[in-house]
Amino acid sequence: MFVPGSRRYADPASFLLIEQAWAPQRVEFCSLVGKPADGVDALAKADNELHTALGDLEALLAKGAAGEIRLTDDGALIIPPLTAEDIPADDVPRTERRDAAPLAAGLGAGGGRRPDRVHRPPGARRGPT
C-alpha cells in the first residue's frame with residue numbers, strides 16, 4: 001500500500017540536516033548536550049566514561065553481596081529490581097498529581113463525551129430502529 005506523501009520507505013539520510021545547515025548549529029548543539037564537537041574528542045570522552053562505569057561495575061561485582069548486582073557461579077549477571085522511592089505528597093509537583101486537573105462534568109478520562117451523558121432530543125433513539 002502506498003500513501004502519497006509518506007516517508008516510510010524514504011532514505012534515512014533524507015531526515016538529516018545537510019552539511020551546510022548543520023555546520024553553523026553544531027557547536028551550539030554540542031554545548032547544549034554536553035558533548036565535544038570534535039569526533040575524536042567525543043570518542044575519547046566516551047571511552048573514559050565507559051572505563052569509569054566498568055570500574056564501578058567491577059567494584060560492585062567484587063562485593064558479591066546478596067540483593068546487589070552480582071555474578072553467579074556459572075557467570076550469569078544478576079541485576080535485582082530497583083526499589084521505589086517514597087516521595088511525600090507535598091513534594092510532588094502539582095502537574096504530576098491526579099487532582100491537578102479534575103475531569104469536567106460530562107467528559108470521560110480521554111476527554112471525549114461519556115455515553116451516559118449524551119443529550120438527545122426527546123424521542124430520539126440510539127442506533128437503528
# chains A, B, ... in the order shown; residues from 1 in each chain; ligands from 1
call {"tool": "select_by_dssp", "arguments": {"residues": "region 1-50 of chain A", "states": "helix (DSSP H, G or I)", "output": "ChimeraX atom specification"}}
result
/A:12-15,19-33,39-50
call {"tool": "atom_distance", "arguments": {"atom1": "CA of Gly34 (chain A)", "atom2": "CA of Phe15 (chain A)"}}
result
23.1 Å
call {"tool": "atom_distance", "arguments": {"atom1": "CA of Leu82 (chain A)", "atom2": "CA of Leu57 (chain A)"}}
result
16.0 Å
call {"tool": "closest_residue", "arguments": {"among": "A:Arg8, A:Leu60, A:Asp90, A:Leu54", "to": "Ile78 (chain A)", "atoms": "only C-alpha atoms"}}
result
A:Leu60
call {"tool": "atom_distance", "arguments": {"atom1": "CA of Ala23 (chain A)", "atom2": "CA of Ala10 (chain A)"}}
result
23.8 Å
